[in-house]
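S.K.: Pasting data36.tsv below, which is TSV, C-alpha atoms and all ligand atoms.
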chain	number	residue	atom	x	y	z
A	1	MET	CA	9.27	0.40	14.54
A	2	SER	CA	8.16	-0.03	10.97
A	3	LEU	CA	5.87	2.52	9.45
A	4	THR	CA	4.93	0.22	6.62
A	5	GLU	CA	1.64	-1.51	6.28
A	6	PRO	CA	1.47	-4.35	8.79
A	7	THR	CA	1.29	-7.65	6.97
A	8	SER	CA	1.13	-11.12	8.31
A	9	THR	CA	4.81	-11.62	7.47
A	10	ASP	CA	5.65	-8.80	9.89
A	11	MET	CA	4.21	-10.74	12.80
A	12	ASN	CA	6.47	-12.62	15.12
A	13	ASP	CA	5.59	-16.13	16.19
A	14	SER	CA	3.90	-15.37	19.47
A	15	GLU	CA	1.75	-12.82	17.75
A	16	LYS	CA	0.72	-15.27	15.02
A	17	HIS	CA	-0.09	-17.78	17.67
A	18	ARG	CA	-2.18	-15.25	19.53
A	19	VAL	CA	-4.13	-14.37	16.41
A	20	GLU	CA	-4.75	-17.99	15.48
A	21	GLN	CA	-5.78	-18.80	19.03
A	22	ARG	CA	-8.45	-16.21	19.33
A	23	ASP	CA	-11.98	-17.23	18.66
A	24	VAL	CA	-13.54	-13.93	19.63
A	25	ASP	CA	-13.29	-10.69	17.70
A	26	PHE	CA	-10.23	-8.60	18.35
A	27	ILE	CA	-11.04	-4.90	18.39
A	28	SER	CA	-8.59	-1.98	18.36
A	29	VAL	CA	-9.59	1.40	19.70
A	30	VAL	CA	-7.37	4.22	18.46
A	31	ILE	CA	-7.33	7.42	20.52
A	32	PRO	CA	-5.18	10.50	19.79
A	33	PHE	CA	-4.21	12.69	22.75
A	34	TYR	CA	-2.75	16.16	22.68
A	35	ASN	CA	-2.16	17.86	26.02
A	36	GLU	CA	-4.84	15.83	27.77
A	37	THR	CA	-3.11	15.01	31.08
A	38	GLU	CA	-6.23	15.48	33.19
A	39	GLN	CA	-8.43	13.62	30.79
A	40	ILE	CA	-6.50	10.46	29.96
A	41	ARG	CA	-7.31	8.28	32.95
A	42	MET	CA	-11.00	8.99	32.78
A	43	THR	CA	-11.10	8.35	29.02
A	44	LEU	CA	-9.17	5.08	29.19
A	45	GLU	CA	-11.05	3.79	32.22
A	46	THR	CA	-14.46	4.55	30.72
A	47	THR	CA	-13.48	2.98	27.41
A	48	GLU	CA	-12.06	-0.12	29.05
A	49	ARG	CA	-15.14	-0.55	31.19
A	50	VAL	CA	-17.30	-0.63	28.05
A	51	LEU	CA	-14.92	-2.94	26.19
A	52	ARG	CA	-14.65	-5.37	29.09
A	53	SER	CA	-18.40	-5.77	29.22
A	54	LEU	CA	-18.36	-7.11	25.66
A	55	ASP	CA	-17.60	-10.55	24.36
A	56	ILE	CA	-14.40	-9.50	22.61
A	57	SER	CA	-10.70	-9.14	23.15
A	58	TYR	CA	-9.33	-5.67	22.57
A	59	GLU	CA	-6.40	-3.33	22.54
A	60	ILE	CA	-6.33	0.43	22.95
A	61	VAL	CA	-3.77	2.24	20.81
A	62	ALA	CA	-3.16	5.61	22.42
A	63	ILE	CA	-1.20	8.19	20.45
A	64	ASP	CA	0.48	11.05	22.24
A	65	ASP	CA	0.62	13.67	19.52
A	66	GLY	CA	3.74	15.41	20.83
A	67	SER	CA	2.06	16.82	23.93
A	68	LEU	CA	3.88	19.43	25.98
A	69	ASP	CA	2.33	18.49	29.31
A	70	MET	CA	2.35	15.24	31.29
A	71	THR	CA	0.28	13.28	28.76
A	72	TRP	CA	3.04	10.78	28.01
A	73	GLU	CA	3.78	10.16	31.68
A	74	GLU	CA	0.10	9.56	32.32
A	75	LEU	CA	-0.13	7.17	29.39
A	76	THR	CA	2.88	5.12	30.43
A	77	LYS	CA	1.60	5.02	33.99
A	78	TYR	CA	-1.75	3.76	32.84
A	79	SER	CA	-0.27	1.22	30.45
A	80	THR	CA	1.72	-0.41	33.24
A	81	LYS	CA	-1.61	-1.09	34.95
A	82	SER	CA	-3.50	-2.23	31.90
A	83	SER	CA	-1.77	-4.56	29.47
A	84	SER	CA	-4.33	-3.83	26.74
A	85	VAL	CA	-3.15	-0.26	26.36
A	86	ARG	CA	-0.33	0.34	23.91
A	87	ALA	CA	0.91	3.88	23.65
A	88	LEU	CA	3.06	5.69	21.11
A	89	ARG	CA	4.57	9.12	21.40
A	90	LEU	CA	5.10	11.14	18.24
A	91	SER	CA	8.30	13.18	18.15
A	92	ARG	CA	6.36	16.46	18.05
A	93	ASN	CA	2.84	17.72	17.50
A	94	PHE	CA	2.05	16.54	13.97
A	95	GLY	CA	-1.69	17.18	14.26
A	96	LYS	CA	-4.65	14.89	14.74
A	97	GLU	CA	-4.64	13.66	11.13
A	98	ALA	CA	-1.08	12.34	11.46
A	99	ALA	CA	-1.90	10.89	14.87
A	100	ILE	CA	-4.83	9.03	13.30
A	101	CYS	CA	-2.52	7.66	10.60
A	102	ALA	CA	-0.05	6.50	13.25
A	103	GLY	CA	-2.85	4.81	15.15
A	104	LEU	CA	-4.28	3.07	12.10
A	105	ALA	CA	-0.82	1.81	11.12
A	106	GLU	CA	-0.29	0.35	14.60
A	107	ALA	CA	-3.76	-1.07	15.23
A	108	ARG	CA	-4.07	-4.80	14.69
A	109	GLY	CA	-7.74	-5.46	15.35
A	110	ASP	CA	-10.25	-7.14	13.04
A	111	ALA	CA	-12.06	-3.86	13.36
A	112	VAL	CA	-10.60	-0.51	14.39
A	113	ILE	CA	-12.61	2.12	16.24
A	114	LEU	CA	-11.41	5.68	16.16
A	115	MET	CA	-12.48	8.12	18.82
A	116	ASP	CA	-11.49	11.42	20.44
A	117	GLY	CA	-9.61	11.39	23.70
A	118	ASP	CA	-11.92	13.82	25.48
A	119	LEU	CA	-14.98	11.53	25.73
A	120	GLN	CA	-16.87	13.76	23.30
A	121	HIS	CA	-17.22	10.59	21.26
A	122	PRO	CA	-18.89	8.61	24.06
A	123	PRO	CA	-17.61	5.02	24.43
A	124	ARG	CA	-21.15	3.93	25.32
A	125	TYR	CA	-21.81	3.73	21.55
A	126	ILE	CA	-19.07	1.15	21.02
A	127	PRO	CA	-21.33	-1.91	21.52
A	128	GLU	CA	-23.72	-0.55	18.88
A	129	MET	CA	-20.84	0.05	16.47
A	130	ILE	CA	-19.54	-3.47	16.93
A	131	ALA	CA	-23.03	-4.91	16.48
A	132	LEU	CA	-23.38	-3.07	13.16
A	133	TRP	CA	-19.95	-4.31	12.08
A	134	ARG	CA	-20.96	-7.87	12.92
A	135	GLU	CA	-24.00	-7.42	10.69
A	136	GLY	CA	-21.53	-7.00	7.84
A	137	TYR	CA	-20.97	-3.26	7.58
A	138	GLU	CA	-17.36	-2.35	6.86
A	139	VAL	CA	-17.50	1.33	7.79
A	140	VAL	CA	-19.66	2.46	10.71
A	141	GLU	CA	-19.81	6.24	10.93
A	142	GLY	CA	-20.93	8.37	13.83
A	143	VAL	CA	-23.08	11.33	12.81
A	144	LYS	CA	-23.58	14.11	15.32
A	145	SER	CA	-27.22	14.36	16.25
A	146	SER	CA	-26.38	17.35	18.39
A	147	ARG	CA	-23.11	19.20	18.19
A	148	GLY	CA	-22.79	19.61	21.94
A	149	LYS	CA	-21.86	22.90	23.48
A	150	GLU	CA	-20.22	25.00	20.81
A	151	SER	CA	-19.75	28.67	20.21
A	152	ARG	CA	-21.93	30.33	17.60
A	153	PHE	CA	-18.83	31.24	15.63
A	154	SER	CA	-17.52	27.70	15.51
A	155	ARG	CA	-20.91	26.39	14.38
A	156	PHE	CA	-21.07	29.07	11.69
A	157	ALA	CA	-17.50	28.30	10.55
A	158	ALA	CA	-18.25	24.56	10.45
A	159	ASN	CA	-21.39	25.11	8.37
A	160	MET	CA	-19.53	27.42	5.99
A	161	PHE	CA	-16.77	24.89	5.54
A	162	TYR	CA	-19.03	21.88	5.03
A	163	GLY	CA	-21.21	23.84	2.58
A	164	THR	CA	-18.24	24.95	0.49
A	165	PHE	CA	-16.57	21.57	0.71
A	166	ALA	CA	-19.71	19.73	-0.46
A	167	ARG	CA	-20.11	22.09	-3.41
A	168	LEU	CA	-16.48	21.80	-4.46
A	169	SER	CA	-15.82	18.12	-3.87
A	170	GLY	CA	-19.25	16.52	-4.04
A	171	ILE	CA	-18.65	14.87	-0.64
A	172	ARG	CA	-21.28	15.73	1.96
A	173	LEU	CA	-19.79	15.85	5.41
A	174	LYS	CA	-22.35	17.82	7.39
A	175	ASP	CA	-22.40	16.56	10.98
A	176	ALA	CA	-19.84	13.90	10.07
A	177	SER	CA	-17.25	13.09	12.69
A	178	ASP	CA	-14.07	11.09	13.16
A	179	PHE	CA	-15.97	8.69	15.42
A	180	LYS	CA	-15.81	5.64	13.16
A	181	LEU	CA	-15.33	1.93	13.04
A	182	LEU	CA	-13.36	0.55	10.11
A	183	ASP	CA	-13.11	-3.09	9.12
A	184	ARG	CA	-9.62	-4.60	8.87
A	185	LYS	CA	-9.93	-4.59	5.09
A	186	VAL	CA	-10.57	-0.84	5.01
A	187	VAL	CA	-7.72	-0.14	7.43
A	188	ASP	CA	-5.31	-2.17	5.30
A	189	TYR	CA	-6.30	-0.15	2.25
A	190	TRP	CA	-5.98	3.07	4.25
A	191	ASN	CA	-2.45	2.11	5.16
A	192	THR	CA	-1.52	1.89	1.48
A	193	PHE	CA	-2.26	5.60	0.98
A	194	THR	CA	0.93	7.49	0.32
A	195	GLU	CA	-0.46	11.01	0.51
A	196	ARG	CA	0.92	13.18	3.29
A	197	GLU	CA	-2.03	15.45	3.79
A	198	THR	CA	-4.92	13.25	4.72
A	199	PHE	CA	-8.41	14.32	5.73
A	200	PHE	CA	-9.73	11.26	7.52
A	201	ARG	CA	-13.37	12.24	7.55
A	202	ALA	CA	-13.59	12.77	3.81
A	203	LEU	CA	-11.10	10.12	2.67
A	204	SER	CA	-12.84	7.36	4.59
A	205	SER	CA	-16.11	8.42	2.96
A	206	TRP	CA	-14.47	8.59	-0.48
A	207	MET	CA	-13.20	5.02	-0.04
A	208	GLY	CA	-16.69	3.54	-0.26
A	209	PHE	CA	-17.32	0.01	1.10
A	210	LYS	CA	-20.45	-1.15	2.89
A	211	ARG	CA	-21.22	1.72	5.18
A	212	ILE	CA	-23.81	2.76	7.68
A	213	THR	CA	-24.23	5.76	9.93
A	214	PHE	CA	-25.49	5.96	13.47
A	215	PRO	CA	-26.50	9.11	15.32
A	216	PHE	CA	-24.65	10.06	18.50
A	217	GLU	CA	-24.87	12.88	20.99
A	218	VAL	CA	-21.66	14.79	21.47
A	219	ASP	CA	-20.95	14.89	25.18
A	220	GLU	CA	-19.53	17.95	26.79
A	221	ARG	CA	-15.80	18.15	27.27
A	222	LYS	CA	-15.15	17.58	30.98
A	223	VAL	CA	-11.63	18.98	31.26
A	224	GLY	CA	-9.81	21.67	29.31
A	225	GLY	CA	-10.86	23.19	26.01
A	226	SER	CA	-10.70	22.27	22.36
A	227	LYS	CA	-7.18	21.61	21.15
A	228	TRP	CA	-7.89	23.16	17.78
A	229	GLY	CA	-6.86	26.75	17.28
A	230	PHE	CA	-8.49	28.81	14.56
A	231	LEU	CA	-5.36	28.69	12.40
A	232	LYS	CA	-5.06	24.91	12.70
A	233	LEU	CA	-8.69	24.50	11.60
A	234	ALA	CA	-8.26	26.98	8.74
A	235	LYS	CA	-5.22	25.05	7.54
A	236	LEU	CA	-7.10	21.76	7.70
A	237	SER	CA	-9.98	23.29	5.73
A	238	VAL	CA	-7.71	24.66	3.00
A	239	ASN	CA	-5.84	21.35	2.73
A	240	ALA	CA	-9.12	19.48	2.59
A	241	VAL	CA	-10.45	21.57	-0.28
A	242	ILE	CA	-7.17	21.42	-2.20
A	243	GLY	CA	-6.85	17.69	-1.64
A	244	PHE	CA	-10.33	16.92	-2.88
A	245	SER	CA	-11.16	19.42	-5.57
A	246	SER	CA	-9.58	21.21	-8.48
A	247	ARG	CA	-12.69	23.31	-8.97
A	248	PRO	CA	-11.09	26.46	-7.52
A	249	LEU	CA	-8.70	26.32	-10.49
A	250	MET	CA	-11.65	26.14	-12.86
A	251	LEU	CA	-13.16	29.13	-11.05
A	252	ILE	CA	-10.07	31.15	-11.90
A	253	SER	CA	-10.52	30.36	-15.58
A	254	SER	CA	-14.23	31.20	-15.45
A	255	MET	CA	-13.34	34.49	-13.82
A	256	GLY	CA	-10.96	35.19	-16.72
A	257	VAL	CA	-13.74	34.51	-19.22
A	258	ILE	CA	-16.14	36.82	-17.38
A	259	PHE	CA	-13.54	39.57	-17.40
A	260	LEU	CA	-13.01	39.09	-21.12
A	261	VAL	CA	-16.72	39.55	-21.77
A	262	VAL	CA	-16.76	42.69	-19.64
A	263	PHE	CA	-13.71	43.89	-21.57
A	264	PHE	CA	-15.53	43.60	-24.92
A	265	VAL	CA	-18.56	45.48	-23.67
A	266	LEU	CA	-16.47	48.28	-22.18
A	267	ALA	CA	-14.18	48.41	-25.21
A	268	ILE	CA	-17.10	48.97	-27.58
A	269	GLN	CA	-18.62	51.60	-25.30
A	270	THR	CA	-15.28	53.41	-24.92
A	271	LEU	CA	-14.57	53.41	-28.66
A	272	VAL	CA	-18.06	54.68	-29.50
A	273	ARG	CA	-17.60	57.52	-27.01
A	274	TYR	CA	-14.12	58.25	-28.31
A	275	PHE	CA	-15.23	58.59	-31.92
A	276	GLY	CA	-18.29	60.55	-30.83
A	277	GLY	CA	-15.90	63.03	-29.23
A	278	LYS	CA	-17.19	62.22	-25.74
A	279	ALA	CA	-14.28	60.21	-24.34
A	280	ALA	CA	-14.59	59.51	-20.61
A	281	THR	CA	-12.62	61.95	-18.54
A	282	GLY	CA	-10.81	61.27	-15.28
A	283	PHE	CA	-9.12	58.16	-14.06
A	284	THR	CA	-11.75	56.89	-11.64
A	285	THR	CA	-12.90	54.01	-13.82
A	286	VAL	CA	-9.35	53.10	-14.74
A	287	ILE	CA	-8.19	53.05	-11.15
A	288	LEU	CA	-11.15	50.97	-9.98
A	289	LEU	CA	-10.67	48.48	-12.79
A	290	GLN	CA	-6.95	48.28	-12.12
A	291	LEU	CA	-7.55	47.54	-8.45
A	292	LEU	CA	-10.20	44.95	-9.15
A	293	ILE	CA	-8.22	43.12	-11.79
A	294	GLY	CA	-5.03	43.39	-9.79
A	295	SER	CA	-6.57	41.84	-6.70
A	296	ILE	CA	-8.27	39.07	-8.63
A	297	VAL	CA	-5.03	38.20	-10.39
A	298	MET	CA	-3.21	38.11	-7.07
A	299	ILE	CA	-5.84	35.95	-5.37
A	300	SER	CA	-5.75	33.58	-8.33
A	301	LEU	CA	-1.97	33.39	-8.20
A	302	GLY	CA	-2.15	32.68	-4.48
A	303	LEU	CA	-4.68	29.92	-5.05
A	304	LEU	CA	-2.49	28.40	-7.74
A	305	GLY	CA	0.39	28.69	-5.29
A	306	LEU	CA	-1.53	26.64	-2.73
A	307	TYR	CA	-1.87	23.81	-5.21
A	308	VAL	CA	1.79	24.05	-6.16
A	309	ALA	CA	2.82	24.03	-2.49
A	310	SER	CA	0.64	21.03	-1.81
A	311	LEU	CA	2.14	19.28	-4.84
A	312	PHE	CA	5.62	20.11	-3.56
A	313	ARG	CA	4.89	18.71	-0.10
A	314	GLU	CA	3.49	15.52	-1.57
A	315	VAL	CA	6.37	15.09	-4.02
A	316	LYS	CA	8.94	15.39	-1.26
A	317	GLY	CA	7.21	12.44	0.35
A	318	ARG	CA	8.48	13.10	3.86
A	319	PRO	CA	7.24	10.72	6.54
A	320	ARG	CA	3.94	11.81	8.08
A	321	TYR	CA	5.27	11.51	11.61
A	322	PHE	CA	8.07	10.07	13.68
A	323	ILE	CA	7.55	7.74	16.61
A	324	ALA	CA	9.76	8.89	19.45
A	325	GLU	CA	8.78	6.33	22.06
A	326	THR	CA	6.48	3.42	22.54
A	327	THR	CA	5.25	1.38	25.47
A	328	ASP	CA	4.61	-1.64	23.31
A	329	ARG	CA	4.89	-4.95	24.98
A	330	LEU	CA	3.10	-6.80	22.23
A	331	ASP	CA	4.93	-5.23	19.33
A	332	ASP	CA	7.85	-6.60	17.28
A	333	PRO	CA	11.02	-6.70	19.32
A	334	LYS	CA	13.58	-4.11	18.31
A	335	PRO	CA	16.19	-5.47	15.87
A	336	GLU	CA	19.50	-6.26	17.59
A	337	HIS	CA	21.66	-3.84	15.61
A	338	ASP	CA	19.51	-0.92	16.73
A	339	ALA	CA	20.42	-1.43	20.35
A	340	GLY	CA	24.15	-1.11	19.73
A	341	ALA	CA	23.90	1.56	17.07
A	342	GLU	CA	25.29	4.30	19.27
A	343	THR	CA	28.45	2.56	20.46
A	401	LIG	N1	-5.74	16.21	19.04
A	401	LIG	C1	-4.52	15.70	18.58
A	401	LIG	N2	-3.63	16.56	18.00
A	401	LIG	C2	-3.90	17.88	17.81
A	401	LIG	C3	-5.15	18.37	18.24
A	401	LIG	C4	-6.05	17.51	18.85
A	401	LIG	O1	-4.24	14.51	18.73
A	401	LIG	O2	-3.04	18.59	17.28
A	401	LIG	C5	-6.69	15.28	19.70
A	401	LIG	C6	-7.22	15.76	21.04
A	401	LIG	O3	-6.37	15.42	22.10
A	401	LIG	C7	-8.54	15.04	21.14
A	401	LIG	C8	-9.00	14.96	19.68
A	401	LIG	O4	-7.83	15.16	18.88
A	401	LIG	O5	-8.41	13.74	21.63
A	401	LIG	C9	-10.05	15.99	19.36
A	401	LIG	O6	-9.60	17.26	19.73
A	401	LIG	P1	-10.53	18.37	20.36
A	401	LIG	O7	-11.39	17.79	21.41
A	401	LIG	O8	-9.64	19.49	20.76
A	401	LIG	O9	-11.37	18.77	19.08
A	401	LIG	P2	-12.90	19.22	19.01
A	401	LIG	O10	-13.68	18.32	19.91
A	401	LIG	O11	-12.90	20.63	19.44
A	401	LIG	O12	-13.23	19.03	17.57
A	402	MG	MG	-13.31	17.50	21.60
For the file at hand, write its structure as structure tokens.
Ligand code: UDP
Ligand code: MG
M.R.:
Amino acid sequence: MSLTEPTSTDMNDSEKHRVEQRDVDFISVVIPFYNETEQIRMTLETTERVLRSLDISYEIVAIDDGSLDMTWEELTKYSTKSSSVRALRLSRNFGKEAAICAGLAEARGDAVILMDGDLQHPPRYIPEMIALWREGYEVVEGVKSSRGKESRFSRFAANMFYGTFARLSGIRLKDASDFKLLDRKVVDYWNTFTERETFFRALSSWMGFKRITFPFEVDERKVGGSKWGFLKLAKLSVNAVIGFSSRPLMLISSMGVIFLVVFFVLAIQTLVRYFGGKAATGFTTVILLQLLIGSIVMISLGLLGLYVASLFREVKGRPRYFIAETTDRLDDPKPEHDAGAET
């Protein structure tokens, strides 16, 4: 399985033939799954029903993001019934961002639709997305017109994050989602990205191209709960800010300047009092200042550390994910020497 950008030279003959033969649009739908055993069949069936009603040929690229339950078994079972479903299993849980990258690298459609595996991105919008793409739009973005059922805390956290992110990076993401259609051209460019820590929602907006948004209603999750823990979301948020903005570093410098100004004011006041014989007694001020400056220096160091760590991770250039298994029937055959590698 190659992780490199799929090019026409990578295609085998039957695949080339298939591509040349088709006179209808070929659409890929990429869906990441993480511990979604109960959900998979319903998601795939609903999606296929919508796709079949359209005048297109299609494939569904399902990514099992290292699930711990029966997700992979369910996927393989389903893919034996439906030849349009190709499934990949990542070697462990690499997170939705990595799963998206794996899906985009594997998808071969003229347009690629990305959606959640829990039907919260309702497949009934797919015809509209394809229609917009046919009108010539290269990126079709779903914007949440209602955020569905969500706790007050998660709405508050989302608003906080989007507000901060917009201020720091200049990219407005409020109500944005990962429910998107990308033209082949955009996907090919996406696959040339070498960065490890992607943030699909923002990167695809940063890429530009002819884009349009459409409003969609987030459906309720039928089975199970959100697969995002608080820590996972916090990590994604920090990575997103660090990946898109160096303003926090500027903030540290501005803080230093503010402290310098305060220093001058206090220095003059202290000296005047000293020479006037009224030097401040007690350590209260000193202790408070020490604590304040100490904590700000430590926070700043930590922030700097986050950038250094991110730099380190990117420089190492480890693969984003490993593919442990695949159910591909349509994919390149395995090279001969691989089969005998163990003997
Ligand atoms: N997901 C994934 N890997 C993860 C977490 C989630 O592939 O580590 C998938 C999950 O199976 C679902 C989609 O990403 O298909 C969105 O996840 P979820 O519904 O939990 O997110 P929410 O709707 O709460 O934003
Ligand atoms: Mg969901």
S.K.: Skipping near chain neighbours, those fewer than 6 positions away, what residues fall within 10 Å of Arg211 (chain A) using only C-alpha atoms, listed as a PyMOL selection string?
M.R.: chain A and resi 132-133+136-141+181-182+205
S.K.: 8 Å from ligand MG 402 (chain A) is the threshold here; counting all atoms listed in the file, which polymer residues fall inside it? Answer as a list in words.
M.R.: Asp116, Gly117, Asp118, Leu119, Gln120, His121, Arg221, Gly225, Ser226 and Lys227 of chain A
S.K.: For CA of Tyr189 (chain A) and CA of Ser57 (chain A), determine how far apart the two atoms are, in Å to one decimal place.
M.R.: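 Separating CA of Tyr189 (chain A) from CA of Ser57 (chain A) is a distance of 23.2 Å.
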S.K.: Using Å and a single decimal, report how far CA of Leu236 (chain A) sits from CA of Phe161 (chain A).
M.R.: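 If I compute the distance from CA of Phe161 (chain A) to CA of Leu236 (chain A), I get 10.4 Å.
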S.K.: Given all atoms listed in the file as the basis, pick out the residue of A:Ala102, A:Leu260, A:Val112, A:Leu291 nearest to ligand LIG 401 (chain A).
M.R.: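 Of A:Ala102, A:Leu260, A:Val112, A:Leu291, the one nearest ligand LIG 401 (chain A) is A:Ala102, counting all atoms listed in the file.
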S.K.: Let me see if you get this right: every residue at most 10 Å from ligand LIG 401 (chain A), counting all atoms listed in the file, written as number ranges by chain.
M.R.: A: 31-37, 39-40, 43, 62-67, 71, 90, 92-100, 115-121, 147-148, 150, 154, 177-178, 218-221, 223-229, 232-233
S.K.: Grab all the atoms of region 169-177 of chain A that the file lists, wrap them in a box along x, y and z, add 6 Å per side, and give me centre plus edge lengths in Å (one decimal) as JSON.
M.R.:
{"center_x": -19.1, "center_y": 15.6, "center_z": 4.3, "size_x": 18.6, "size_y": 17.0, "size_z": 28.7}
